[in-house]
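Shown here: data_9.cif, mmCIF, C-alpha atoms.
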data_entry
loop_
_atom_site.label_atom_id
_atom_site.label_comp_id
_atom_site.auth_asym_id
_atom_site.auth_seq_id
_atom_site.Cartn_x
_atom_site.Cartn_y
_atom_site.Cartn_z
CA MET K 93 -29.74 -46.16 92.16
CA LYS K 94 -31.08 -43.70 94.70
CA THR K 95 -30.75 -40.04 93.93
CA ASN K 96 -29.53 -37.45 96.38
CA ARG K 97 -32.89 -36.23 97.67
CA ASN K 98 -31.76 -32.79 98.75
CA ALA K 99 -30.02 -32.00 95.49
CA HIS K 100 -32.77 -33.15 93.19
CA THR K 101 -36.10 -32.88 95.02
CA GLU K 102 -36.76 -29.42 93.63
CA TRP K 103 -36.76 -31.00 90.17
CA THR K 104 -38.15 -34.45 90.83
CA ASP K 105 -41.17 -32.87 92.54
CA GLN K 106 -42.10 -31.46 89.15
CA LEU K 107 -41.68 -34.65 87.18
CA SER K 108 -45.26 -35.88 87.52
CA GLY K 109 -46.49 -32.54 86.24
CA PHE K 110 -43.89 -32.77 83.48
CA LEU K 111 -45.10 -36.24 82.48
CA ASP K 112 -48.77 -35.25 82.60
CA GLY K 113 -48.30 -32.04 80.62
CA ASP K 114 -49.40 -30.16 83.70
CA LEU K 115 -46.64 -27.53 83.84
CA ASP K 116 -46.81 -24.12 82.26
CA THR K 117 -44.51 -23.43 79.33
CA GLU K 118 -41.82 -21.77 81.42
CA ALA K 119 -41.70 -24.49 84.07
CA PHE K 120 -41.75 -27.21 81.41
CA ALA K 121 -38.77 -25.63 79.63
CA ALA K 122 -36.86 -25.28 82.91
CA VAL K 123 -37.36 -28.94 83.79
CA GLU K 124 -36.45 -29.97 80.28
CA GLU K 125 -33.24 -27.96 80.46
CA HIS K 126 -32.36 -29.44 83.84
CA LEU K 127 -33.02 -32.97 82.64
CA ALA K 128 -30.67 -32.45 79.71
CA GLY K 129 -27.80 -32.03 82.13
CA CYS K 130 -28.84 -34.23 85.07
CA GLY K 131 -28.51 -38.00 84.80
CA PRO K 132 -30.05 -38.83 88.21
CA CYS K 133 -33.19 -36.81 87.44
CA ARG K 134 -33.44 -38.41 84.00
CA ARG K 135 -33.24 -41.77 85.71
CA VAL K 136 -36.09 -40.81 88.05
CA LEU K 137 -38.14 -39.64 85.07
CA GLU K 138 -37.56 -42.95 83.27
CA GLU K 139 -38.61 -44.88 86.38
CA LEU K 140 -41.73 -42.76 86.76
CA GLU K 141 -42.56 -43.32 83.11
CA ARG K 142 -42.29 -47.07 83.71
CA VAL K 143 -44.63 -46.81 86.70
CA VAL K 144 -47.17 -44.76 84.74
CA SER K 145 -47.10 -46.93 81.62
CA GLY K 146 -47.23 -50.11 83.71
CA ALA K 147 -50.22 -48.82 85.67
CA GLY K 148 -52.03 -47.85 82.48
CA ALA K 149 -51.51 -51.33 81.12
CA LEU K 150 -52.96 -53.10 84.17
CA GLY K 151 -56.11 -54.88 83.15
CA GLY K 152 -59.02 -56.37 84.99
CA LEU K 153 -58.66 -59.18 87.50
CA GLU K 154 -60.99 -62.12 87.50
CA PRO K 155 -62.36 -62.94 90.94
CA PRO K 156 -61.14 -66.31 92.25
CA ARG K 157 -64.70 -67.69 92.14
CA ASP K 158 -67.82 -66.93 90.19
CA LEU K 159 -69.78 -64.30 92.08
CA TRP K 160 -72.85 -64.42 89.88
CA ALA K 161 -74.71 -67.05 91.93
CA GLY K 162 -74.65 -64.83 95.01
CA ILE K 163 -75.74 -61.80 93.02
CA ALA K 164 -78.54 -63.70 91.28
CA ALA K 165 -79.85 -65.01 94.60
CA THR K 166 -80.11 -61.45 95.89
CA LEU K 167 -81.82 -60.25 92.71
CA ARG K 168 -84.45 -62.97 93.09
CA ALA K 169 -85.08 -62.15 96.74
CA PRO K 170 -87.74 -59.57 97.52
CA LEU K 171 -86.39 -56.14 98.31
CA PRO K 172 -85.99 -55.55 102.02
CA GLU K 173 -88.70 -53.50 103.63
CA PRO K 174 -87.69 -49.85 103.81
CA GLU K 175 -86.79 -48.73 107.27
CA THR K 176 -89.83 -47.48 109.07
CA GLU K 177 -89.79 -43.75 109.41
CA THR K 178 -91.53 -41.67 111.98
CA ARG K 179 -94.56 -40.48 110.14
CA VAL K 180 -95.46 -36.90 110.58
CA LEU K 181 -99.22 -36.76 110.43
CA PRO K 182 -100.84 -33.73 108.91
CA PHE K 183 -102.71 -31.35 111.12
CA PRO K 184 -105.69 -33.36 112.26
CA SER K 185 -108.77 -32.96 110.20
CA PRO K 186 -112.03 -32.60 111.96
CA PRO K 187 -113.77 -35.91 112.49
CA PRO K 188 -115.97 -36.85 109.55
CA TRP K 189 -119.15 -36.76 111.61
CA ARG K 190 -118.88 -33.04 112.22
CA MET S 90 -69.72 -57.04 73.56
CA PRO S 91 -70.65 -54.56 70.80
CA ALA S 92 -72.10 -51.33 72.18
CA HIS S 93 -75.54 -51.80 70.63
CA PHE S 94 -75.87 -55.27 72.19
CA GLU S 95 -74.88 -53.80 75.53
CA THR S 96 -77.42 -51.01 75.21
CA ALA S 97 -80.09 -53.58 74.47
CA ASP S 98 -79.01 -55.66 77.46
CA VAL S 99 -79.13 -52.63 79.74
CA LYS S 100 -82.72 -52.00 78.63
CA ARG S 101 -83.66 -55.64 79.11
CA ALA S 102 -82.01 -55.73 82.53
CA ALA S 103 -83.78 -52.53 83.57
CA SER S 104 -87.07 -54.24 82.81
CA GLY S 105 -86.13 -57.20 85.02
CA ASP S 106 -84.26 -59.58 82.69
CA HIS S 107 -81.73 -61.44 84.86
CA ALA S 108 -80.06 -63.13 81.89
CA ALA S 109 -79.31 -59.77 80.29
CA PHE S 110 -77.90 -58.49 83.55
CA GLU S 111 -75.73 -61.60 83.87
CA ARG S 112 -74.20 -60.82 80.47
CA LEU S 113 -73.43 -57.31 81.66
CA TYR S 114 -71.92 -58.77 84.83
CA ARG S 115 -69.69 -61.16 82.82
CA ASP S 116 -68.45 -58.30 80.66
CA HIS S 117 -67.62 -55.94 83.51
CA VAL S 118 -66.82 -58.04 86.58
CA GLY S 119 -63.07 -58.09 85.91
CA ARG S 120 -62.76 -54.34 85.95
CA VAL S 121 -64.99 -53.87 88.99
CA TYR S 122 -63.24 -56.61 90.97
CA ALA S 123 -59.81 -55.18 90.06
CA LEU S 124 -60.88 -51.75 91.29
CA CYS S 125 -62.02 -53.26 94.60
CA VAL S 126 -58.80 -55.26 95.05
CA ARG S 127 -56.62 -52.27 94.30
CA MET S 128 -58.53 -49.73 96.37
CA VAL S 129 -59.30 -52.01 99.33
CA ASP S 130 -57.92 -55.54 99.40
CA GLU S 131 -58.49 -59.07 98.16
CA ALA S 132 -60.27 -60.15 101.32
CA SER S 133 -63.09 -57.64 100.86
CA ALA S 134 -63.12 -57.40 97.07
CA GLU S 135 -65.56 -60.26 96.45
CA ASP S 136 -68.20 -58.85 98.79
CA LEU S 137 -67.72 -55.34 97.43
CA THR S 138 -67.99 -56.54 93.84
CA GLN S 139 -71.25 -58.34 94.59
CA GLU S 140 -72.61 -55.27 96.34
CA VAL S 141 -71.69 -53.06 93.39
CA PHE S 142 -73.62 -55.25 90.95
CA ILE S 143 -76.60 -55.49 93.27
CA ARG S 144 -76.66 -51.71 93.62
CA ALA S 145 -76.31 -51.36 89.85
CA TRP S 146 -79.29 -53.65 89.34
CA ARG S 147 -81.40 -51.60 91.72
CA LYS S 148 -80.32 -48.32 90.14
CA LEU S 149 -80.59 -49.35 86.50
CA ASP S 150 -83.63 -47.17 86.05
CA THR S 151 -81.47 -44.13 86.83
CA PHE S 152 -79.03 -44.97 84.01
CA LYS S 153 -80.00 -42.57 81.24
CA GLY S 154 -77.49 -43.67 78.64
CA ASP S 155 -75.61 -40.35 78.66
CA SER S 156 -72.38 -42.32 79.08
CA GLN S 157 -71.34 -45.90 78.38
CA PHE S 158 -72.82 -48.43 80.80
CA GLY S 159 -69.28 -49.41 81.83
CA THR S 160 -68.44 -45.80 82.74
CA TRP S 161 -71.63 -45.49 84.78
CA LEU S 162 -71.01 -48.82 86.52
CA HIS S 163 -67.43 -47.91 87.28
CA ARG S 164 -68.39 -44.60 88.86
CA LEU S 165 -70.96 -46.40 90.93
CA ALA S 166 -68.23 -48.85 92.00
CA VAL S 167 -65.82 -46.06 93.00
CA ASN S 168 -68.52 -44.32 95.02
CA HIS S 169 -69.55 -47.58 96.69
CA VAL S 170 -65.99 -48.50 97.63
CA LEU S 171 -65.33 -45.06 99.11
CA SER S 172 -68.63 -45.06 100.95
CA ARG S 173 -68.14 -48.56 102.38
CA ARG S 174 -64.64 -47.70 103.50
CA GLU S 175 -65.89 -44.60 105.28
CA THR S 176 -68.59 -46.63 107.03
CA GLN S 177 -66.03 -49.25 108.01
CA ARG S 178 -63.63 -46.60 109.27
CA LYS S 179 -66.31 -45.17 111.55
CA ARG S 180 -67.21 -48.65 112.79
CA GLU S 181 -63.59 -49.50 113.51
CA ALA S 182 -63.09 -46.22 115.28
CA ARG S 183 -65.80 -47.36 117.70
CA HIS S 184 -64.34 -50.86 118.03
CA VAL S 185 -60.60 -50.46 118.19
CA GLY S 186 -58.85 -53.65 117.20
CA GLY S 187 -61.64 -54.90 114.99
CA GLU S 188 -60.81 -56.43 111.65
CA GLY S 189 -62.46 -55.54 108.42
CA LEU S 190 -62.02 -53.70 105.20
CA LEU S 191 -59.03 -51.82 106.45
CA ALA S 192 -57.14 -54.95 107.44
CA ARG S 193 -54.68 -55.19 104.62
CA VAL S 194 -53.76 -58.46 102.99
CA THR S 195 -50.31 -58.82 101.54
CA ALA S 196 -50.76 -62.12 99.75
CA PRO S 197 -49.73 -61.81 96.12
CA THR S 198 -52.35 -61.77 93.41
CA ARG S 199 -52.25 -65.19 91.83
CA ARG S 200 -53.65 -64.07 88.50
CA SER S 201 -50.95 -61.57 87.66
CA SER S 202 -47.37 -62.19 86.70
CA GLY S 203 -44.04 -60.47 86.18
CA HIS S 204 -44.08 -56.70 86.12
CA ALA S 205 -47.84 -56.59 86.61
CA LEU S 206 -47.52 -58.63 89.81
CA ASP S 207 -44.82 -56.29 91.10
CA LEU S 208 -47.07 -53.33 90.33
CA GLU S 209 -50.07 -54.91 92.06
CA GLN S 210 -47.99 -55.57 95.17
CA ALA S 211 -46.50 -52.09 95.11
CA ILE S 212 -50.00 -50.56 94.85
CA ARG S 213 -51.00 -52.40 98.03
CA ARG S 214 -48.11 -50.88 99.90
CA LEU S 215 -49.18 -47.33 99.15
CA PRO S 216 -50.79 -45.23 101.88
CA GLU S 217 -54.54 -45.15 101.41
CA ARG S 218 -55.01 -41.67 99.97
CA ALA S 219 -52.04 -41.94 97.64
CA ARG S 220 -53.31 -45.36 96.52
CA ASP S 221 -56.78 -44.00 95.80
CA VAL S 222 -55.41 -41.23 93.59
CA PHE S 223 -52.89 -43.49 91.86
CA VAL S 224 -55.50 -46.15 91.05
CA LEU S 225 -58.07 -43.63 89.87
CA PHE S 226 -55.66 -41.51 87.79
CA ASP S 227 -52.96 -43.82 86.47
CA VAL S 228 -54.88 -47.10 86.30
CA GLU S 229 -58.44 -45.99 85.65
CA GLY S 230 -57.89 -42.73 83.79
CA TYR S 231 -59.98 -40.35 85.87
CA SER S 232 -59.07 -36.65 85.78
CA HIS S 233 -57.85 -34.75 88.82
CA ASP S 234 -61.13 -32.80 88.84
CA GLU S 235 -63.13 -36.02 89.03
CA ILE S 236 -60.86 -37.50 91.68
CA ALA S 237 -60.96 -34.36 93.78
CA GLN S 238 -64.74 -34.44 93.68
CA ALA S 239 -64.97 -38.14 94.53
CA LEU S 240 -62.48 -37.97 97.39
CA GLY S 241 -63.54 -34.58 98.73
CA VAL S 242 -60.09 -33.05 98.33
CA THR S 243 -58.68 -30.19 96.25
CA VAL S 244 -57.23 -30.70 92.79
CA GLY S 245 -53.85 -29.67 94.19
CA THR S 246 -54.05 -32.39 96.83
CA SER S 247 -54.94 -34.93 94.17
CA LYS S 248 -51.89 -33.92 92.14
CA SER S 249 -49.52 -33.98 95.08
CA GLN S 250 -50.83 -37.37 96.25
CA LEU S 251 -50.36 -38.72 92.74
CA HIS S 252 -46.75 -37.64 92.66
CA ARG S 253 -46.20 -39.06 96.12
CA ALA S 254 -47.73 -42.35 95.01
CA ARG S 255 -45.62 -42.56 91.85
CA MET S 256 -42.42 -41.86 93.76
CA LEU S 257 -43.31 -44.53 96.32
CA MET S 258 -44.21 -46.98 93.55
CA ARG S 259 -40.84 -46.30 91.96
CA GLU S 260 -39.09 -47.03 95.26
CA HIS S 261 -41.12 -50.20 95.85
CA LEU S 262 -40.42 -51.45 92.35
CA ASP S 263 -36.76 -50.55 92.68
CA GLY S 264 -36.69 -52.73 95.78
CA THR S 265 -38.18 -55.69 93.93
CA SER S 266 -35.90 -55.57 90.89
#

Full structure transcribed into structure tokens:
Amino acid sequence: MKTNRNAHTEWTDQLSGFLDGDLDTEAFAAVEEHLAGCGPCRRVLEELERVVSGAGALGGLEPPRDLWAGIAATLRAPLPEPETETRVLPFPSPPPWR
Amino acid sequence: MPAHFETADVKRAASGDHAAFERLYRDHVGRVYALCVRMVDEASAEDLTQEVFIRAWRKLDTFKGDSQFGTWLHRLAVNHVLSRRETQRKREARHVGGEGLLARVTAPTRRSSGHALDLEQAIRRLPERARDVFVLFDVEGYSHDEIAQALGVTVGTSKSQLHRARMLMREHLDGTS
């Protein structure tokens, strides 16, 4: 069910902060009071909670192939030569024969 | 792997032991690859994952053990992904129409199922900045301060992008149910 954006945006915009404990006491209480009497906003909150809990439960993903062989080959290879930099020579010393 | 074994493997790897580093790779590749898939795409995730481990190998001597190895590796992965994407963006700006990291792939992830698959697909549909914040905050557990620093945005922007992302995720998931 889609909520009426204009009627509820003022409240739904605060729901992430509400979920994350990121509102000050006064704002938290105001949202809480609104939620008690507003089904559509409660529904949005429940859906956001599902998104947040689902995201937190996402685990790792195994790559479709083993990548170690490619990594190991690079580790065994000599390090590339560092890019040549323009050397700034010190002020020339007098020739040694002087 | 128990923490003390991992610490020992990090030390061995830092002194050049490939077998120890392979064990570290096996323990952490799933999380690094997932981060790359979610923040970029499947097409680029394998290359990025390999690059992250190669960089980690070369930087092992800078790991001081102040945090868990996994935390250090993960931060390195986030920084590498963001840096590569920035490089790619500049390259593509010079070659309009080129394909690369920013070319999004919409093929479903074969290794997820059910609600997790819906979530993975919904993450891919998020705009880039909202996706970055959502993945780093809601999936990976970074704080807004850390995200703001990594992305070069304000904490307020991080919070507003997170809310935007969650609302979009909710809409995407609503459309799939």

Might you spell out which residues the PyMOL selection byres ((chain K) within 12 of (chain S)) would select in the displayed file, as a short mmCIF file (atom, residue, chain, number, x, y, z; two decimals) with C-alpha atoms, keeping the file's coordinate frame?
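Listed below is the output, out.cif:
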data_model
loop_
_atom_site.label_atom_id
_atom_site.label_comp_id
_atom_site.auth_asym_id
_atom_site.auth_seq_id
_atom_site.Cartn_x
_atom_site.Cartn_y
_atom_site.Cartn_z
CA MET K 93 -29.74 -46.16 92.16
CA LYS K 94 -31.08 -43.70 94.70
CA THR K 95 -30.75 -40.04 93.93
CA ARG K 97 -32.89 -36.23 97.67
CA THR K 101 -36.10 -32.88 95.02
CA THR K 104 -38.15 -34.45 90.83
CA ASP K 105 -41.17 -32.87 92.54
CA GLN K 106 -42.10 -31.46 89.15
CA LEU K 107 -41.68 -34.65 87.18
CA SER K 108 -45.26 -35.88 87.52
CA GLY K 109 -46.49 -32.54 86.24
CA PHE K 110 -43.89 -32.77 83.48
CA LEU K 111 -45.10 -36.24 82.48
CA ASP K 112 -48.77 -35.25 82.60
CA ASP K 114 -49.40 -30.16 83.70
CA LEU K 115 -46.64 -27.53 83.84
CA ARG K 135 -33.24 -41.77 85.71
CA VAL K 136 -36.09 -40.81 88.05
CA LEU K 137 -38.14 -39.64 85.07
CA GLU K 138 -37.56 -42.95 83.27
CA GLU K 139 -38.61 -44.88 86.38
CA LEU K 140 -41.73 -42.76 86.76
CA GLU K 141 -42.56 -43.32 83.11
CA ARG K 142 -42.29 -47.07 83.71
CA VAL K 143 -44.63 -46.81 86.70
CA VAL K 144 -47.17 -44.76 84.74
CA SER K 145 -47.10 -46.93 81.62
CA GLY K 146 -47.23 -50.11 83.71
CA ALA K 147 -50.22 -48.82 85.67
CA GLY K 148 -52.03 -47.85 82.48
CA ALA K 149 -51.51 -51.33 81.12
CA LEU K 150 -52.96 -53.10 84.17
CA GLY K 151 -56.11 -54.88 83.15
CA GLY K 152 -59.02 -56.37 84.99
CA LEU K 153 -58.66 -59.18 87.50
CA GLU K 154 -60.99 -62.12 87.50
CA PRO K 155 -62.36 -62.94 90.94
CA PRO K 156 -61.14 -66.31 92.25
CA ARG K 157 -64.70 -67.69 92.14
CA ASP K 158 -67.82 -66.93 90.19
CA LEU K 159 -69.78 -64.30 92.08
CA TRP K 160 -72.85 -64.42 89.88
CA ALA K 161 -74.71 -67.05 91.93
CA GLY K 162 -74.65 -64.83 95.01
CA ILE K 163 -75.74 -61.80 93.02
CA ALA K 164 -78.54 -63.70 91.28
CA ALA K 165 -79.85 -65.01 94.60
CA THR K 166 -80.11 -61.45 95.89
CA LEU K 167 -81.82 -60.25 92.71
CA ARG K 168 -84.45 -62.97 93.09
CA ALA K 169 -85.08 -62.15 96.74
CA PRO K 170 -87.74 -59.57 97.52
CA LEU K 171 -86.39 -56.14 98.31
CA PRO K 172 -85.99 -55.55 102.02
#

Task: Picked residues, the PyMOL selection byres ((chain S and resi 236) around 12), expected as an MDAnalysis selection string - done: chainID S and resid 164 167:168 171 218:227 229:235 237:248 250:251

Output C-alpha atoms for every residue in that selection, as a short mmCIF file (atom, residue, chain, number, x, y, z; two decimals), in the frame of the given file.
data_model
loop_
_atom_site.label_atom_id
_atom_site.label_comp_id
_atom_site.auth_asym_id
_atom_site.auth_seq_id
_atom_site.Cartn_x
_atom_site.Cartn_y
_atom_site.Cartn_z
CA ARG S 164 -68.39 -44.60 88.86
CA VAL S 167 -65.82 -46.06 93.00
CA ASN S 168 -68.52 -44.32 95.02
CA LEU S 171 -65.33 -45.06 99.11
CA ARG S 218 -55.01 -41.67 99.97
CA ALA S 219 -52.04 -41.94 97.64
CA ARG S 220 -53.31 -45.36 96.52
CA ASP S 221 -56.78 -44.00 95.80
CA VAL S 222 -55.41 -41.23 93.59
CA PHE S 223 -52.89 -43.49 91.86
CA VAL S 224 -55.50 -46.15 91.05
CA LEU S 225 -58.07 -43.63 89.87
CA PHE S 226 -55.66 -41.51 87.79
CA ASP S 227 -52.96 -43.82 86.47
CA GLU S 229 -58.44 -45.99 85.65
CA GLY S 230 -57.89 -42.73 83.79
CA TYR S 231 -59.98 -40.35 85.87
CA SER S 232 -59.07 -36.65 85.78
CA HIS S 233 -57.85 -34.75 88.82
CA ASP S 234 -61.13 -32.80 88.84
CA GLU S 235 -63.13 -36.02 89.03
CA ALA S 237 -60.96 -34.36 93.78
CA GLN S 238 -64.74 -34.44 93.68
CA ALA S 239 -64.97 -38.14 94.53
CA LEU S 240 -62.48 -37.97 97.39
CA GLY S 241 -63.54 -34.58 98.73
CA VAL S 242 -60.09 -33.05 98.33
CA THR S 243 -58.68 -30.19 96.25
CA VAL S 244 -57.23 -30.70 92.79
CA GLY S 245 -53.85 -29.67 94.19
CA THR S 246 -54.05 -32.39 96.83
CA SER S 247 -54.94 -34.93 94.17
CA LYS S 248 -51.89 -33.92 92.14
CA GLN S 250 -50.83 -37.37 96.25
CA LEU S 251 -50.36 -38.72 92.74
#

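Straight-line separation from atom CA of S:Lys148 to atom CA of S:Arg180: 26.2 Å.
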
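Atom pair atom CA of S:Trp161 / atom CA of S:Lys100 has a distance of 14.3 Å (rounded to one decimal).
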
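Distance-wise, atom CA of S:His169 and atom CA of S:Arg101 end up 23.9 Å apart.
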
Box for stretch 141-159 of chain K - axis-aligned, 8 Å on each of the six sides, all listed atoms - centre and size in Å to one decimal, as AutoDock Vina command-line options.
--center_x -56.0 --center_y -55.5 --center_z 86.7 --size_x 43.5 --size_y 40.4 --size_z 27.1

TODO: Skip K:Cys130 itself and residues of its chain fewer than 5 positions away, then list as a PyMOL selection string all residues within 10 Å of it, counting all atoms listed in the file.
DONE: chain K and resi 100+103+124-125+135

Write a file for stretch 104-114 of chain K, containing all heavy atoms (output as a PDB file, in the first residue's frame).
ATOM      1  N   THR K 104       7.326  10.564   7.832  1.00  0.00           N
ATOM      2  CA  THR K 104       8.158   9.460   7.328  1.00  0.00           C
ATOM      3  C   THR K 104       9.616   9.898   7.156  1.00  0.00           C
ATOM      4  O   THR K 104      10.523   9.074   7.272  1.00  0.00           O
ATOM      5  CB  THR K 104       7.622   8.903   5.986  1.00  0.00           C
ATOM      6  OG1 THR K 104       7.546   9.961   5.035  1.00  0.00           O
ATOM      7  CG2 THR K 104       6.273   8.246   6.162  1.00  0.00           C
ATOM      8  N   ASP K 105       9.829  11.189   6.885  1.00  0.00           N
ATOM      9  CA  ASP K 105      11.206  11.677   6.759  1.00  0.00           C
ATOM     10  C   ASP K 105      12.000  11.509   8.045  1.00  0.00           C
ATOM     11  O   ASP K 105      13.228  11.554   8.038  1.00  0.00           O
ATOM     12  CB  ASP K 105      11.216  13.161   6.355  1.00  0.00           C
ATOM     13  CG  ASP K 105      11.038  13.342   4.859  1.00  0.00           C
ATOM     14  OD1 ASP K 105      11.042  12.316   4.133  1.00  0.00           O
ATOM     15  OD2 ASP K 105      10.879  14.483   4.405  1.00  0.00           O
ATOM     16  N   GLN K 106      11.293  11.336   9.143  1.00  0.00           N
ATOM     17  CA  GLN K 106      11.992  11.200  10.432  1.00  0.00           C
ATOM     18  C   GLN K 106      12.137   9.740  10.867  1.00  0.00           C
ATOM     19  O   GLN K 106      12.715   9.459  11.919  1.00  0.00           O
ATOM     20  CB  GLN K 106      11.221  11.956  11.517  1.00  0.00           C
ATOM     21  CG  GLN K 106      11.108  13.444  11.246  1.00  0.00           C
ATOM     22  CD  GLN K 106      10.441  14.171  12.392  1.00  0.00           C
ATOM     23  OE1 GLN K 106      10.997  14.252  13.481  1.00  0.00           O
ATOM     24  NE2 GLN K 106       9.251  14.675  12.151  1.00  0.00           N
ATOM     25  N   LEU K 107      11.616   8.839  10.043  1.00  0.00           N
ATOM     26  CA  LEU K 107      11.566   7.454  10.522  1.00  0.00           C
ATOM     27  C   LEU K 107      12.930   6.765  10.562  1.00  0.00           C
ATOM     28  O   LEU K 107      13.160   5.892  11.399  1.00  0.00           O
ATOM     29  CB  LEU K 107      10.566   6.636   9.683  1.00  0.00           C
ATOM     30  CG  LEU K 107       9.097   7.034   9.893  1.00  0.00           C
ATOM     31  CD1 LEU K 107       8.170   6.176   9.036  1.00  0.00           C
ATOM     32  CD2 LEU K 107       8.706   6.927  11.368  1.00  0.00           C
ATOM     33  N   SER K 108      13.836   7.149   9.669  1.00  0.00           N
ATOM     34  CA  SER K 108      15.175   6.544   9.754  1.00  0.00           C
ATOM     35  C   SER K 108      15.868   6.998  11.036  1.00  0.00           C
ATOM     36  O   SER K 108      16.489   6.193  11.743  1.00  0.00           O
ATOM     37  CB  SER K 108      16.026   6.927   8.537  1.00  0.00           C
ATOM     38  OG  SER K 108      15.708   6.089   7.449  1.00  0.00           O
ATOM     39  N   GLY K 109      15.743   8.289  11.330  1.00  0.00           N
ATOM     40  CA  GLY K 109      16.304   8.795  12.574  1.00  0.00           C
ATOM     41  C   GLY K 109      15.657   8.137  13.780  1.00  0.00           C
ATOM     42  O   GLY K 109      16.321   7.830  14.774  1.00  0.00           O
ATOM     43  N   PHE K 110      14.358   7.892  13.677  1.00  0.00           N
ATOM     44  CA  PHE K 110      13.616   7.226  14.751  1.00  0.00           C
ATOM     45  C   PHE K 110      14.159   5.813  14.961  1.00  0.00           C
ATOM     46  O   PHE K 110      14.433   5.387  16.084  1.00  0.00           O
ATOM     47  CB  PHE K 110      12.131   7.192  14.366  1.00  0.00           C
ATOM     48  CG  PHE K 110      11.227   6.595  15.401  1.00  0.00           C
ATOM     49  CD1 PHE K 110      10.789   7.340  16.495  1.00  0.00           C
ATOM     50  CD2 PHE K 110      10.796   5.281  15.286  1.00  0.00           C
ATOM     51  CE1 PHE K 110       9.946   6.788  17.449  1.00  0.00           C
ATOM     52  CE2 PHE K 110       9.955   4.724  16.232  1.00  0.00           C
ATOM     53  CZ  PHE K 110       9.531   5.475  17.315  1.00  0.00           C
ATOM     54  N   LEU K 111      14.335   5.097  13.849  1.00  0.00           N
ATOM     55  CA  LEU K 111      14.849   3.718  13.932  1.00  0.00           C
ATOM     56  C   LEU K 111      16.269   3.666  14.476  1.00  0.00           C
ATOM     57  O   LEU K 111      16.628   2.738  15.211  1.00  0.00           O
ATOM     58  CB  LEU K 111      14.870   3.082  12.533  1.00  0.00           C
ATOM     59  CG  LEU K 111      13.583   2.457  12.014  1.00  0.00           C
ATOM     60  CD1 LEU K 111      13.805   1.965  10.591  1.00  0.00           C
ATOM     61  CD2 LEU K 111      13.148   1.321  12.914  1.00  0.00           C
ATOM     62  N   ASP K 112      17.079   4.649  14.096  1.00  0.00           N
ATOM     63  CA  ASP K 112      18.500   4.623  14.461  1.00  0.00           C
ATOM     64  C   ASP K 112      18.767   5.282  15.814  1.00  0.00           C
ATOM     65  O   ASP K 112      19.923   5.400  16.214  1.00  0.00           O
ATOM     66  CB  ASP K 112      19.340   5.337  13.386  1.00  0.00           C
ATOM     67  CG  ASP K 112      19.238   4.638  12.039  1.00  0.00           C
ATOM     68  OD1 ASP K 112      18.916   3.434  12.025  1.00  0.00           O
ATOM     69  OD2 ASP K 112      19.461   5.299  11.008  1.00  0.00           O
ATOM     70  N   GLY K 113      17.704   5.734  16.482  1.00  0.00           N
ATOM     71  CA  GLY K 113      17.905   6.414  17.759  1.00  0.00           C
ATOM     72  C   GLY K 113      18.614   7.739  17.578  1.00  0.00           C
ATOM     73  O   GLY K 113      19.395   8.165  18.423  1.00  0.00           O
ATOM     74  N   ASP K 114      18.334   8.390  16.458  1.00  0.00           N
ATOM     75  CA  ASP K 114      19.077   9.579  16.076  1.00  0.00           C
ATOM     76  C   ASP K 114      18.266  10.864  16.265  1.00  0.00           C
ATOM     77  O   ASP K 114      18.671  11.911  15.789  1.00  0.00           O
ATOM     78  CB  ASP K 114      19.476   9.430  14.598  1.00  0.00           C
ATOM     79  CG  ASP K 114      20.837  10.009  14.325  1.00  0.00           C
ATOM     80  OD1 ASP K 114      21.523  10.370  15.291  1.00  0.00           O
ATOM     81  OD2 ASP K 114      21.199  10.102  13.144  1.00  0.00           O
TER      82      ASP K 114
END
